[in-house]
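A.B. asks: Dropping the structure in here first, questions after.
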Amino acid sequence: WIQTSCCQTSQVFSDRVMDSKCIVSGFFGGLVGAAAVALLLTRQRSTVLRGGIKHIGTSDPRMSKVVVHNGYVHISGQVGDLEKLASSDIGEQTRQTLAKVDELLIAGGTDRKHVIEGRIWVKDISRDFAAMNKVWNAWIHPEAKPTRFCVQSEMAKPEILVEVQVLAVLPE
């Protein structure tokens with residue numbers, strides 16, 4: 001007789017042979033499907049763990065204050081205390097700015113010893129470079145000096161004399 005069961009065959013087989021083939025194919029199909037699902041779930045978890053991005057200080061509609069990703073801590077550019085800008089010279093603005101940098105590094109889970117790059121913008125580099133450097137040099141960790149650039153730049157407000165941004169790594 002001709003059997004058309006779950007395997008949809010038109011060959012003549014006994015009931016037992018057909019049933020065992022259906023069971024075996026169903027079993028292996030289930031294993032392959034389960035393995036595929038497990039692989040997808042594992043990849044998804046790994047992507048989230050490896051590619052997870054943590055945003056800190058997101059009240060500003062334009063940016064996060066800190067972004068932590070792949071072991072790096074990125075902070076937004078910092079300036080001195082906005083209420084004190086007009087009465088602060090470059091040294092004081094640099095101290096205020098670096099105090100904010102310290103706070104953001106701590107919020108991101110690191111500190112100045114783990115800074116790997118400094119980016120500094122100075123309004124008048126010929127006038128203020130030496131005084132800014134004096135404060136910067138006192139701030140950096142003497143055994144973990146980062147790479148750095150410093151350029152002259154027009155600032156967002158006329159009273160801002162310096163802006164600092166750093167990139168750090170998370171401690172091991």
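For the structure tokens, the naming scheme is as follows: chains receive sequential letters (A, B, ...) according to their order of presentation, residues are indexed from 1 within each chain, and ligands are indexed from 1 in presentation order.
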With a distance cut-off of 8 Å and only C-alpha atoms, select the neighbouring residues of stretch 142-144 of chain A, excluding the residue or stretch itself and same-chain residues fewer than 2 positions from it, and output the selection as number ranges by chain.

C.D. replies: A: 113-115, 140, 146

A.B. asks: Which residue, A:Val164, A:Met63, A:Val68, A:Asn137, has the smallest gap to A:Thr110 when you use only C-alpha atoms?

C.D. replies: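 The shortest atom-to-atom distance to A:Thr110 comes from A:Val68.
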
A.B. asks: Give me the residues near A:Ile125 as a ChimeraX atom specification, where near means some atom within 12 Å (using only C-alpha atoms) and where sequence neighbours in that chain fewer than 6 positions away do not count.

C.D. replies: /A:90,131-133,150-154,161-162

A.B. asks: Can you list every residue in stretch 39-156 of chain A that DSSP puts in alpha helix (DSSP H), as JSON, numbers by chain?

C.D. replies: {"A": [39, 40, 41, 42, 43, 44, 45, 46, 47, 48, 49, 50, 51, 90, 91, 92, 93, 94, 95, 96, 97, 98, 99, 100, 101, 102, 103, 104, 105, 106, 107, 125, 126, 127, 128, 129, 130, 131, 132, 133, 134, 135, 136, 137, 138, 139]}

A.B. asks: Mind writing the picked residues with C-alpha atoms as an mmCIF file, in the first residue's frame?

C.D. replies:
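Printed below is part36.cif as written:
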data_model
loop_
_atom_site.group_PDB
_atom_site.id
_atom_site.type_symbol
_atom_site.label_atom_id
_atom_site.label_comp_id
_atom_site.auth_asym_id
_atom_site.auth_seq_id
_atom_site.Cartn_x
_atom_site.Cartn_y
_atom_site.Cartn_z
ATOM 1 C CA LEU A 39 23.359 30.405 18.446
ATOM 2 C CA LEU A 40 21.209 33.449 17.719
ATOM 3 C CA LEU A 41 20.546 34.074 21.411
ATOM 4 C CA THR A 42 24.237 33.720 22.251
ATOM 5 C CA ARG A 43 25.222 36.144 19.495
ATOM 6 C CA GLN A 44 22.578 38.603 20.634
ATOM 7 C CA ARG A 45 23.819 38.487 24.243
ATOM 8 C CA SER A 46 27.439 38.850 23.119
ATOM 9 C CA THR A 47 26.581 41.840 20.949
ATOM 10 C CA VAL A 48 24.835 43.522 23.834
ATOM 11 C CA LEU A 49 27.737 42.802 26.184
ATOM 12 C CA ARG A 50 30.458 43.804 23.715
ATOM 13 C CA GLY A 51 28.564 46.617 22.079
ATOM 14 C CA ILE A 90 42.913 81.254 32.611
ATOM 15 C CA GLY A 91 44.455 79.542 35.650
ATOM 16 C CA GLU A 92 41.216 79.591 37.623
ATOM 17 C CA GLN A 93 39.095 78.538 34.629
ATOM 18 C CA THR A 94 41.489 75.637 33.981
ATOM 19 C CA ARG A 95 41.232 74.512 37.641
ATOM 20 C CA GLN A 96 37.421 74.733 37.528
ATOM 21 C CA THR A 97 37.364 72.857 34.233
ATOM 22 C CA LEU A 98 39.634 70.062 35.436
ATOM 23 C CA ALA A 99 37.541 69.686 38.606
ATOM 24 C CA LYS A 100 34.538 69.019 36.334
ATOM 25 C CA VAL A 101 36.638 66.563 34.301
ATOM 26 C CA ASP A 102 37.505 64.696 37.528
ATOM 27 C CA GLU A 103 33.810 64.453 38.454
ATOM 28 C CA LEU A 104 32.874 63.077 35.030
ATOM 29 C CA LEU A 105 35.714 60.557 35.025
ATOM 30 C CA ILE A 106 34.531 59.260 38.411
ATOM 31 C CA ALA A 107 30.945 59.085 37.103
ATOM 32 C CA ILE A 125 47.136 80.636 23.038
ATOM 33 C CA SER A 126 49.910 83.245 22.893
ATOM 34 C CA ARG A 127 48.664 84.916 26.092
ATOM 35 C CA ASP A 128 47.323 81.939 28.094
ATOM 36 C CA PHE A 129 49.280 78.821 27.065
ATOM 37 C CA ALA A 130 51.888 78.952 29.862
ATOM 38 C CA ALA A 131 49.385 79.620 32.671
ATOM 39 C CA MET A 132 47.032 76.893 31.428
ATOM 40 C CA ASN A 133 49.952 74.436 31.144
ATOM 41 C CA LYS A 134 50.990 75.141 34.741
ATOM 42 C CA VAL A 135 47.568 73.999 35.999
ATOM 43 C CA TRP A 136 47.397 71.065 33.543
ATOM 44 C CA ASN A 137 50.858 69.837 34.558
ATOM 45 C CA ALA A 138 49.874 69.880 38.231
ATOM 46 C CA TRP A 139 46.645 67.993 37.435
#

A.B. asks: Take atom CA of A:Arg62 and atom CA of A:Asp111 and report the distance between them in Å, one decimal.

C.D. replies: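 A separation of 24.7 Å between them.
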
A.B. asks: Running DSSP on the backbone, which parts of stretch 46-98 of chain A land in strand (DSSP E or B), as a count of residues only?

C.D. replies: 13

A.B. asks: Residues at most 9 Å from A:Val73, counting only C-alpha atoms, excluding those fewer than 2 positions away in the same chain, as a list in words?

C.D. replies: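 Close residues of A:Val73: Val66, Val67, Val68, His69, Asn70, Gly71, Ile75, Leu105, Gly108, Gly109, Thr110, Val115, Val166, Leu167, Ala168, Val169 and Leu170 of chain A.
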
A.B. asks: Output the selection as a PDB file, in the first residue's frame - C-alpha atoms for each residue.

C.D. replies:
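out-v9.pdb was written with the following content:
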ATOM      1  CA  VAL A  66      29.840  60.784  29.617  1.00  0.00           C
ATOM      2  CA  VAL A  67      29.691  57.807  27.266  1.00  0.00           C
ATOM      3  CA  VAL A  68      31.263  54.492  28.284  1.00  0.00           C
ATOM      4  CA  HIS A  69      31.866  52.003  25.455  1.00  0.00           C
ATOM      5  CA  ASN A  70      34.267  49.095  24.918  1.00  0.00           C
ATOM      6  CA  GLY A  71      36.363  49.990  27.953  1.00  0.00           C
ATOM      7  CA  ILE A  75      33.532  62.899  28.246  1.00  0.00           C
ATOM      8  CA  LEU A 105      35.714  60.557  35.025  1.00  0.00           C
ATOM      9  CA  GLY A 108      32.276  56.991  34.208  1.00  0.00           C
ATOM     10  CA  GLY A 109      34.136  54.614  36.531  1.00  0.00           C
ATOM     11  CA  THR A 110      37.700  55.843  36.068  1.00  0.00           C
ATOM     12  CA  VAL A 115      43.373  59.328  30.872  1.00  0.00           C
ATOM     13  CA  VAL A 166      39.635  63.812  27.691  1.00  0.00           C
ATOM     14  CA  LEU A 167      39.459  60.166  26.721  1.00  0.00           C
ATOM     15  CA  ALA A 168      40.148  57.590  29.433  1.00  0.00           C
ATOM     16  CA  VAL A 169      40.063  53.829  29.856  1.00  0.00           C
ATOM     17  CA  LEU A 170      38.344  51.854  32.571  1.00  0.00           C
TER      18      LEU A 170
END
